[in-house]
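K.L.:
Take this structure, written in structure tokens, and hold onto it; I'll ask about it next.
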Amino acid sequence: MGNHFRTSGDEQSASQAPMPQANGVESKDSVPDFQSDPLAQHAASAGDASAAQSAANPMLNIPSPAAPAQPRVNVPDPLVDPVGPSTPSLAGIPDPSAPAAAPAATAAAVTAPDVFMTPAGAAGPSTDADEARQIRDLDAALQNPDFTSVFAPADLDRAQERKKIARQAGVEPVILTEHLTKIYPAQPNKPALDDVNIEIYPGEFVFLVGHSGSGKTTLLNTLLRNVKPTSGRVLVAGQDLMRIKNRRIPYLRRQIGAVFQDYKLLPNKTAYENVAFALQCIGKPRGVIRAQVPEVLRLVGLADQMDSLPDQLSGGEQQRVSVARAMVNRPPLLICDEPTGNLDPAISLGIMKLLERINRTGTTVIVATHDREMVDSMHRRVIALEGGRVIRDQERGGYGNYGSF
Ligand SMILES: Nc1ncnc2c1ncn2[C@@H]1O[C@H](COP(=O)(O)OP(=O)(O)OP(=O)(O)O)[C@@H](O)[C@H]1O
């Protein structure tokens with residue numbers, strides 16, 4: 001079936017399993033060119049034929065039949081647009097130390113929060129002054145932080161459609177939760193997760209949004225099996241997390257790259273050593289480590305800072321080390337909890353484009369974020385939580401109105 005995850009016993013062979021194909025792929029424009037795609041080349045040079053192939057292939061993004069072709073994010077992609085012919089790397093990520101030219105592009109690219117959305121998309125400019133005033137008034141009303149699900153109901157029909165298409169294509173979800181509930185003992189009357197039902201398929205890029213305390217981190221920690229659910233069902237990478245034996249958990253985590261707001265780098269190790277450590281922990285031979293670590297650091301634009309300690313790097317650079325560490329083993333699933341929470345907008349854009357670039361190689365990416373502009377500009381699937389419940393699951397959604405935090 002379409003499960004491209006590896007298990008402990010088939011780590012090598014599973015990497016050669018073909019990527020599942022499905023109807024409805026990204027528009028040709030957004031399909032990465034393998035020859036010019038450094039991540040695809042990384043996969044190929046690492047001897048992983050299927051990863052290289054999946055990098056060259058359109059990723060599996062199961063769209064709604066009703067959805068339009070995925071729009072390109074209207075920003076220069078520093079990860080796609082090489083600095084020059086001899087630098088086909090990801091070095092174009094804005095350098096925090098340089099005076100950023102990016103903000104202008106960012107400002108132009110990032111659409112203003114548009115909360116007054118029709119089901120088909122943003123309401124266009126009205127020529128009728130009265131209608132425009134009403135829209136303005138409604139937009140203002142929707143800024144009320146109490147605004148929740150009335151204008152953004154869970155799109156259950158879409159979820160059903162997605163499920164149906166995937167099943168027809170024989171694809172299994174990377175993540176499946178059924179009636180997932182988590183009640184922390186300290187808060188017995190307030191579930192952190194309350195009857196959460198989601199399916200995420202291989203190759204998807206999903207934003208997780210919601211108020212502070214809505215349950216995003218609890219959900220991600222549940223997927224990482226850092227938190228054990230109270231009830232319900234959770235499947236990740238084909239593993240039933242309610243039944244998984246403790247000795248299997250390390251194998252589960254090998255399939256998942258994780259990126260956190262506070263980077264979680266080892267302070268006394270260099271960038272190189274932090275990334276190498278991830279491979280040492282899973283027993284990779286020294287030759288593999290020597291080949292892959294510089295390569296992945298080059299891909300995130302840190303070729304010149306491999307020997308720097310974390311406190312010699314800017315926040316954006318530290319986060320790039322963290323992303324490099326998360327992806328060095330090419331996990332099929334990348335979980336990011338507020339990866340840009342500590343970064344300024346231009347640097348955040350670079351990190352998010354990096355995650356998008358990784359997603360285009362076939363990696364499923366789930367990102368919890370409060371970054372409204374980023375979510376609105378990227379037009380990806382958005383799952384919104386409130387009070388531990390899914391209140392919206394939108395194919396190409398925006399941030400919605402959750403007030404400020
Ligand atoms: N270890 C814990 N023990 C008790 N309650 C917890 C624990 N962790 C989280 N909670 C509670 O669970 C709820 C969900 O918290 P969670 O951290 O998942 O939300 P969040 O959406 O990630 O918030 P933020 O955006 O601020 O990170 C909150 O009410 C929180 O107080």
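The chains in the structure tokens are called A, B, ... from first to last as shown; in each chain the residues are counted from 1, and the ligands are counted from 1 in the order shown.
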Could you list, as an mmCIF file with N, CA and C atoms, in the first residue's frame, all protein and nucleic acid residues with an atom at most 10 Å from ligand 1, counting only C-alpha atoms and all ligand atoms?
P.N.:
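Written output follows (selection32.cif):
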```
data_model
loop_
_atom_site.group_PDB
_atom_site.id
_atom_site.type_symbol
_atom_site.label_atom_id
_atom_site.label_comp_id
_atom_site.auth_asym_id
_atom_site.auth_seq_id
_atom_site.Cartn_x
_atom_site.Cartn_y
_atom_site.Cartn_z
ATOM 1 N N LYS A 182 -6.864 13.748 25.002
ATOM 2 C CA LYS A 182 -5.815 13.794 26.015
ATOM 3 C C LYS A 182 -6.291 14.659 27.178
ATOM 4 N N ILE A 183 -6.323 14.053 28.337
ATOM 5 C CA ILE A 183 -6.663 14.803 29.550
ATOM 6 C C ILE A 183 -5.460 14.712 30.484
ATOM 7 N N TYR A 184 -4.846 15.861 30.744
ATOM 8 C CA TYR A 184 -3.739 15.863 31.705
ATOM 9 C C TYR A 184 -4.316 15.737 33.112
ATOM 10 N N PRO A 185 -3.685 14.942 33.976
ATOM 11 C CA PRO A 185 -4.194 14.789 35.338
ATOM 12 C C PRO A 185 -4.375 16.127 36.052
ATOM 13 N N ALA A 186 -3.491 17.090 35.742
ATOM 14 C CA ALA A 186 -3.587 18.384 36.426
ATOM 15 C C ALA A 186 -4.840 19.167 36.020
ATOM 16 N N GLN A 187 -5.423 18.793 34.881
ATOM 17 C CA GLN A 187 -6.612 19.520 34.421
ATOM 18 C C GLN A 187 -7.687 18.509 34.007
ATOM 19 N N PRO A 188 -8.251 17.793 34.975
ATOM 20 C CA PRO A 188 -9.150 16.690 34.630
ATOM 21 C C PRO A 188 -10.434 17.123 33.936
ATOM 22 N N LYS A 190 -10.649 19.641 31.759
ATOM 23 C CA LYS A 190 -10.380 20.445 30.559
ATOM 24 C C LYS A 190 -9.468 19.653 29.632
ATOM 25 N N PRO A 191 -10.060 18.853 28.726
ATOM 26 C CA PRO A 191 -9.202 18.063 27.836
ATOM 27 C C PRO A 191 -8.294 18.960 27.000
ATOM 28 N N ALA A 192 -7.039 18.585 26.914
ATOM 29 C CA ALA A 192 -6.118 19.321 26.035
ATOM 30 C C ALA A 192 -6.401 18.955 24.583
ATOM 31 N N LEU A 193 -6.821 17.712 24.363
ATOM 32 C CA LEU A 193 -7.307 17.274 23.044
ATOM 33 C C LEU A 193 -8.645 16.587 23.278
ATOM 34 N N LEU A 208 -0.860 23.858 11.500
ATOM 35 C CA LEU A 208 -1.705 23.655 12.676
ATOM 36 C C LEU A 208 -1.777 25.005 13.384
ATOM 37 N N VAL A 209 -2.979 25.556 13.464
ATOM 38 C CA VAL A 209 -3.109 26.884 14.067
ATOM 39 C C VAL A 209 -4.124 26.844 15.197
ATOM 40 N N GLY A 210 -4.147 27.907 15.970
ATOM 41 C CA GLY A 210 -5.117 28.014 17.064
ATOM 42 C C GLY A 210 -4.567 28.864 18.184
ATOM 43 N N HIS A 211 -5.468 29.301 19.034
ATOM 44 C CA HIS A 211 -5.078 30.106 20.197
ATOM 45 C C HIS A 211 -4.014 29.398 21.019
ATOM 46 N N SER A 212 -3.305 30.184 21.791
ATOM 47 C CA SER A 212 -2.419 29.605 22.784
ATOM 48 C C SER A 212 -3.255 28.739 23.729
ATOM 49 N N GLY A 213 -2.799 27.526 23.957
ATOM 50 C CA GLY A 213 -3.540 26.617 24.831
ATOM 51 C C GLY A 213 -4.601 25.808 24.115
ATOM 52 N N SER A 214 -4.654 25.916 22.785
ATOM 53 C CA SER A 214 -5.704 25.191 22.051
ATOM 54 C C SER A 214 -5.352 23.717 21.848
ATOM 55 N N GLY A 215 -4.097 23.343 22.083
ATOM 56 C CA GLY A 215 -3.758 21.927 22.015
ATOM 57 C C GLY A 215 -2.744 21.550 20.950
ATOM 58 N N LYS A 216 -2.145 22.534 20.284
ATOM 59 C CA LYS A 216 -1.236 22.233 19.172
ATOM 60 C C LYS A 216 -0.036 21.410 19.633
ATOM 61 N N THR A 217 0.626 21.899 20.672
ATOM 62 C CA THR A 217 1.829 21.192 21.137
ATOM 63 C C THR A 217 1.467 19.816 21.676
ATOM 64 N N THR A 218 0.341 19.724 22.348
ATOM 65 C CA THR A 218 -0.077 18.413 22.854
ATOM 66 C C THR A 218 -0.296 17.451 21.697
ATOM 67 N N LEU A 219 -0.899 17.942 20.625
ATOM 68 C CA LEU A 219 -1.121 17.060 19.478
ATOM 69 C C LEU A 219 0.218 16.615 18.881
ATOM 70 N N LEU A 220 1.135 17.569 18.692
ATOM 71 C CA LEU A 220 2.433 17.187 18.108
ATOM 72 C C LEU A 220 3.187 16.238 19.038
ATOM 73 N N ASN A 221 3.130 16.509 20.333
ATOM 74 C CA ASN A 221 3.808 15.606 21.279
ATOM 75 C C ASN A 221 3.173 14.226 21.308
ATOM 76 N N THR A 222 1.893 14.176 21.045
ATOM 77 C CA THR A 222 1.228 12.872 20.957
ATOM 78 C C THR A 222 1.744 12.108 19.736
ATOM 79 N N VAL A 227 3.803 12.238 24.549
ATOM 80 C CA VAL A 227 2.619 12.286 25.394
ATOM 81 C C VAL A 227 1.753 11.099 25.019
ATOM 82 N N GLN A 261 10.727 25.462 18.498
ATOM 83 C CA GLN A 261 10.934 26.915 18.552
ATOM 84 C C GLN A 261 12.286 27.268 19.161
ATOM 85 N N ASP A 337 7.247 22.508 15.661
ATOM 86 C CA ASP A 337 6.422 23.229 16.627
ATOM 87 C C ASP A 337 6.917 24.664 16.725
ATOM 88 N N GLU A 338 6.185 25.559 16.113
ATOM 89 C CA GLU A 338 6.533 26.989 16.068
ATOM 90 C C GLU A 338 7.991 27.213 15.667
ATOM 91 N N GLY A 341 9.003 30.837 15.718
ATOM 92 C CA GLY A 341 8.485 31.625 16.843
ATOM 93 C C GLY A 341 9.458 32.643 17.392
ATOM 94 N N ALA A 368 3.112 23.660 13.433
ATOM 95 C CA ALA A 368 2.273 24.462 14.327
ATOM 96 C C ALA A 368 2.836 25.867 14.349
ATOM 97 N N THR A 369 1.971 26.851 14.179
ATOM 98 C CA THR A 369 2.479 28.221 14.099
ATOM 99 C C THR A 369 1.438 29.239 14.505
ATOM 100 N N HIS A 370 1.951 30.393 14.953
ATOM 101 C CA HIS A 370 1.111 31.567 15.174
ATOM 102 C C HIS A 370 1.358 32.600 14.080
ATOM 103 N N ALA A 384 -7.282 23.918 12.238
ATOM 104 C CA ALA A 384 -7.373 24.848 13.365
ATOM 105 C C ALA A 384 -7.959 24.133 14.580
ATOM 106 N N LEU A 385 -7.285 24.338 15.706
ATOM 107 C CA LEU A 385 -7.756 23.761 16.969
ATOM 108 C C LEU A 385 -8.294 24.873 17.861
ATOM 109 N N GLU A 386 -9.259 24.522 18.638
ATOM 110 C CA GLU A 386 -9.697 25.423 19.698
ATOM 111 C C GLU A 386 -10.237 24.568 20.841
ATOM 112 N N GLY A 387 -9.748 24.844 22.027
ATOM 113 C CA GLY A 387 -10.176 24.065 23.185
ATOM 114 C C GLY A 387 -9.962 22.571 22.969
ATOM 115 N N GLY A 388 -8.907 22.222 22.218
ATOM 116 C CA GLY A 388 -8.588 20.816 22.003
ATOM 117 C C GLY A 388 -9.399 20.153 20.906
ATOM 118 N N PHE A 405 -1.685 37.030 20.166
ATOM 119 C CA PHE A 405 -1.297 36.193 21.289
ATOM 120 C C PHE A 405 -0.342 36.928 22.198
#
```
K.L.:
Do you know which residues are at most 10 Å from Ala271 of chain A counting only C-alpha atoms, after dropping those on the same chain fewer than 6 positions away, and could you put them as a PyMOL selection string?
P.N.:
chain A and resi 265+277+293-294+297+302-303+305-310+312-313+317-318+320-322+324-325
K.L.:
Could you turn the residues from that selection into a file that holds N, CA and C atoms, as a PDB file, in the first residue's frame?
P.N.:
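Result file is out_8.pdb:
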```
ATOM      1  N   LEU A 265      19.469  22.680  20.327  1.00  0.00           N
ATOM      2  CA  LEU A 265      20.805  22.235  19.918  1.00  0.00           C
ATOM      3  C   LEU A 265      21.639  21.950  21.160  1.00  0.00           C
ATOM      4  N   PHE A 277      25.604  14.068  15.408  1.00  0.00           N
ATOM      5  CA  PHE A 277      25.149  13.340  16.588  1.00  0.00           C
ATOM      6  C   PHE A 277      23.841  12.585  16.302  1.00  0.00           C
ATOM      7  N   VAL A 293      26.688  14.851   6.507  1.00  0.00           N
ATOM      8  CA  VAL A 293      26.541  16.037   7.362  1.00  0.00           C
ATOM      9  C   VAL A 293      26.938  17.318   6.610  1.00  0.00           C
ATOM     10  N   PRO A 294      28.130  17.354   5.970  1.00  0.00           N
ATOM     11  CA  PRO A 294      28.463  18.589   5.244  1.00  0.00           C
ATOM     12  C   PRO A 294      27.453  18.882   4.137  1.00  0.00           C
ATOM     13  N   LEU A 297      24.291  20.399   5.637  1.00  0.00           N
ATOM     14  CA  LEU A 297      24.550  21.763   6.122  1.00  0.00           C
ATOM     15  C   LEU A 297      24.718  22.723   4.943  1.00  0.00           C
ATOM     16  N   LEU A 302      24.677  26.614   5.330  1.00  0.00           N
ATOM     17  CA  LEU A 302      25.607  26.799   6.442  1.00  0.00           C
ATOM     18  C   LEU A 302      26.971  26.158   6.176  1.00  0.00           C
ATOM     19  N   ALA A 303      27.350  26.089   4.915  1.00  0.00           N
ATOM     20  CA  ALA A 303      28.620  25.455   4.572  1.00  0.00           C
ATOM     21  C   ALA A 303      29.790  26.116   5.292  1.00  0.00           C
ATOM     22  N   GLN A 305      29.705  27.640   8.214  1.00  0.00           N
ATOM     23  CA  GLN A 305      29.575  27.759   9.680  1.00  0.00           C
ATOM     24  C   GLN A 305      29.516  26.413  10.386  1.00  0.00           C
ATOM     25  N   MET A 306      30.023  25.402   9.711  1.00  0.00           N
ATOM     26  CA  MET A 306      29.938  24.057  10.278  1.00  0.00           C
ATOM     27  C   MET A 306      30.650  23.935  11.617  1.00  0.00           C
ATOM     28  N   ASP A 307      31.706  24.729  11.789  1.00  0.00           N
ATOM     29  CA  ASP A 307      32.495  24.606  13.013  1.00  0.00           C
ATOM     30  C   ASP A 307      32.076  25.584  14.105  1.00  0.00           C
ATOM     31  N   SER A 308      30.983  26.277  13.861  1.00  0.00           N
ATOM     32  CA  SER A 308      30.526  27.255  14.862  1.00  0.00           C
ATOM     33  C   SER A 308      29.697  26.562  15.928  1.00  0.00           C
ATOM     34  N   LEU A 309      29.870  27.048  17.155  1.00  0.00           N
ATOM     35  CA  LEU A 309      29.009  26.590  18.243  1.00  0.00           C
ATOM     36  C   LEU A 309      27.682  27.352  18.171  1.00  0.00           C
ATOM     37  N   PRO A 310      26.623  26.774  18.758  1.00  0.00           N
ATOM     38  CA  PRO A 310      25.327  27.449  18.674  1.00  0.00           C
ATOM     39  C   PRO A 310      25.359  28.909  19.108  1.00  0.00           C
ATOM     40  N   GLN A 312      27.525  30.977  18.715  1.00  0.00           N
ATOM     41  CA  GLN A 312      28.191  31.821  17.717  1.00  0.00           C
ATOM     42  C   GLN A 312      27.308  32.018  16.489  1.00  0.00           C
ATOM     43  N   LEU A 313      26.109  31.463  16.533  1.00  0.00           N
ATOM     44  CA  LEU A 313      25.201  31.543  15.387  1.00  0.00           C
ATOM     45  C   LEU A 313      23.992  32.397  15.744  1.00  0.00           C
ATOM     46  N   GLU A 317      20.213  31.001  11.993  1.00  0.00           N
ATOM     47  CA  GLU A 317      21.223  29.984  11.665  1.00  0.00           C
ATOM     48  C   GLU A 317      21.079  28.761  12.574  1.00  0.00           C
ATOM     49  N   GLN A 318      20.793  29.019  13.843  1.00  0.00           N
ATOM     50  CA  GLN A 318      20.590  27.880  14.759  1.00  0.00           C
ATOM     51  C   GLN A 318      19.382  27.050  14.306  1.00  0.00           C
ATOM     52  N   ARG A 320      18.378  26.740  11.317  1.00  0.00           N
ATOM     53  CA  ARG A 320      18.766  25.985  10.122  1.00  0.00           C
ATOM     54  C   ARG A 320      19.575  24.743  10.499  1.00  0.00           C
ATOM     55  N   VAL A 321      20.397  24.855  11.534  1.00  0.00           N
ATOM     56  CA  VAL A 321      21.109  23.657  12.013  1.00  0.00           C
ATOM     57  C   VAL A 321      20.071  22.637  12.494  1.00  0.00           C
ATOM     58  N   SER A 322      19.088  23.134  13.206  1.00  0.00           N
ATOM     59  CA  SER A 322      18.052  22.246  13.732  1.00  0.00           C
ATOM     60  C   SER A 322      17.278  21.557  12.592  1.00  0.00           C
ATOM     61  N   ALA A 324      18.518  21.034   9.595  1.00  0.00           N
ATOM     62  CA  ALA A 324      19.473  20.091   8.994  1.00  0.00           C
ATOM     63  C   ALA A 324      19.531  18.808   9.803  1.00  0.00           C
ATOM     64  N   ARG A 325      19.554  18.941  11.118  1.00  0.00           N
ATOM     65  CA  ARG A 325      19.590  17.756  11.983  1.00  0.00           C
ATOM     66  C   ARG A 325      18.320  16.923  11.798  1.00  0.00           C
TER      67      ARG A 325
END
```
K.L.:
List every residue of segment 188-400 of chain A that DSSP, applied to the backbone, labels as strand (DSSP E), and write the result as a ChimeraX atom specification.
P.N.:
/A:193-200,205-210,231-236,239-240,256-260,333-337,364-368,381-386,389-394
K.L.:
Write out as a tab-separated table a residue-level contact list of segment 314-404 of chain A versus segment 237-253 of chain A with cut-off 10 Å: for each qualifying residue the closest pair of atoms and the distance in Å to one decimal, counting only C-alpha atoms, rows sorted by chain and residue number upward.
P.N.:
```
residue	atom	partner	partner_atom	distance
A:Pro331	CA	A:Arg253	CA	9.1
A:Pro332	CA	A:Ala237	CA	8.6
A:Leu333	CA	A:Ala237	CA	8.3
```
K.L.:
Looking only at helix (DSSP H, G or I) from DSSP on the backbone, list the matching residues of segment 207-399 of chain A as a compact mmCIF listing (two decimals) with C-alpha atoms, in the first residue's frame.
P.N.:
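Output contents, as saved in states_6.txt:
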```
# COMPACT_ATOMS: atom_id res chain seq x y z
CA LYS A 216 -1.24 22.23 19.17
CA THR A 217 1.83 21.19 21.14
CA THR A 218 -0.08 18.41 22.85
CA LEU A 219 -1.12 17.06 19.48
CA LEU A 220 2.43 17.19 18.11
CA ASN A 221 3.81 15.61 21.28
CA THR A 222 1.23 12.87 20.96
CA LEU A 223 2.40 12.18 17.41
CA ASN A 246 8.41 1.16 24.56
CA ARG A 247 11.27 -0.57 22.79
CA ARG A 248 9.68 0.34 19.44
CA ILE A 249 9.46 4.05 20.18
CA PRO A 250 13.04 4.82 19.06
CA TYR A 251 12.23 3.26 15.69
CA LEU A 252 9.12 5.39 15.43
CA ARG A 253 11.16 8.52 16.14
CA ARG A 254 13.66 7.69 13.44
CA ALA A 271 26.83 22.79 13.96
CA TYR A 272 28.56 19.82 12.33
CA GLU A 273 28.64 17.84 15.56
CA ASN A 274 24.97 18.56 16.35
CA VAL A 275 23.90 17.15 13.00
CA ALA A 276 26.40 14.28 13.14
CA PHE A 277 25.15 13.34 16.59
CA ALA A 278 21.70 12.58 15.19
CA LEU A 279 23.25 10.05 12.84
CA GLN A 280 25.60 8.61 15.46
CA CYS A 281 22.60 7.94 17.71
CA ARG A 286 31.36 7.15 10.12
CA GLY A 287 31.73 7.27 6.34
CA VAL A 288 28.05 8.01 5.90
CA ILE A 289 28.21 10.72 8.55
CA ARG A 290 31.25 12.33 6.92
CA ALA A 291 29.44 12.40 3.59
CA GLN A 292 25.97 13.43 4.66
CA VAL A 293 26.54 16.04 7.36
CA PRO A 294 28.46 18.59 5.24
CA GLU A 295 26.02 17.99 2.42
CA VAL A 296 22.94 18.73 4.48
CA LEU A 297 24.55 21.76 6.12
CA ARG A 298 25.41 23.05 2.67
CA LEU A 299 21.79 22.54 1.65
CA ALA A 303 28.62 25.46 4.57
CA ASP A 304 30.82 28.14 6.13
CA GLN A 305 29.57 27.76 9.68
CA PRO A 310 25.33 27.45 18.67
CA ASP A 311 26.09 30.61 20.64
CA GLN A 312 28.19 31.82 17.72
CA GLY A 315 18.70 32.48 15.77
CA GLY A 316 17.94 31.83 12.13
CA GLU A 317 21.22 29.98 11.66
CA GLN A 318 20.59 27.88 14.76
CA GLN A 319 17.18 26.98 13.42
CA ARG A 320 18.77 25.99 10.12
CA VAL A 321 21.11 23.66 12.01
CA SER A 322 18.05 22.25 13.73
CA VAL A 323 16.31 21.71 10.37
CA ALA A 324 19.47 20.09 8.99
CA ARG A 325 19.59 17.76 11.98
CA ALA A 326 15.92 16.89 11.52
CA MET A 327 16.28 16.07 7.84
CA PRO A 345 9.87 37.97 9.54
CA ALA A 346 12.60 37.84 6.90
CA ILE A 347 14.39 34.98 8.62
CA SER A 348 11.09 33.21 9.25
CA LEU A 349 10.38 33.35 5.55
CA GLY A 350 13.70 31.66 4.81
CA ILE A 351 13.00 28.89 7.30
CA MET A 352 9.48 28.36 5.99
CA LYS A 353 10.72 28.24 2.40
CA LEU A 354 13.25 25.67 3.53
CA LEU A 355 10.49 23.54 5.00
CA GLU A 356 8.49 23.96 1.82
CA ARG A 357 11.51 22.90 -0.20
CA ILE A 358 11.91 19.80 1.94
CA ASN A 359 8.22 19.07 1.48
CA ARG A 360 8.69 19.16 -2.29
CA ARG A 372 -0.58 34.54 10.41
CA GLU A 373 1.12 36.13 7.41
CA MET A 374 3.05 32.99 6.61
CA VAL A 375 -0.05 30.81 6.70
CA ASP A 376 -2.04 33.28 4.63
CA SER A 377 0.70 33.54 2.01
CA MET A 378 1.35 29.85 1.57
```
K.L.:
Env of Ile175 of chain A: 12 Å cut, atoms = only C-alpha atoms, seq-sep filter 2 positions within chain, self excluded. Answer as JSON, numbers by chain.
P.N.:
{"A": [3, 5, 171, 172, 173, 177, 178, 180, 196, 197, 198, 199, 200, 201, 202, 203, 204, 206, 219, 220, 222, 223, 224, 233, 234, 235, 236, 237, 238, 239, 240, 241, 256, 332, 333, 334, 335, 364, 365, 366]}
K.L.:
State, in Å with one decimal place, the distance from atom CA of Pro267 of chain A to atom CA of Asp371 of chain A.
P.N.:
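Between atom CA of Pro267 of chain A and atom CA of Asp371 of chain A the gap works out to 27.1 Å.
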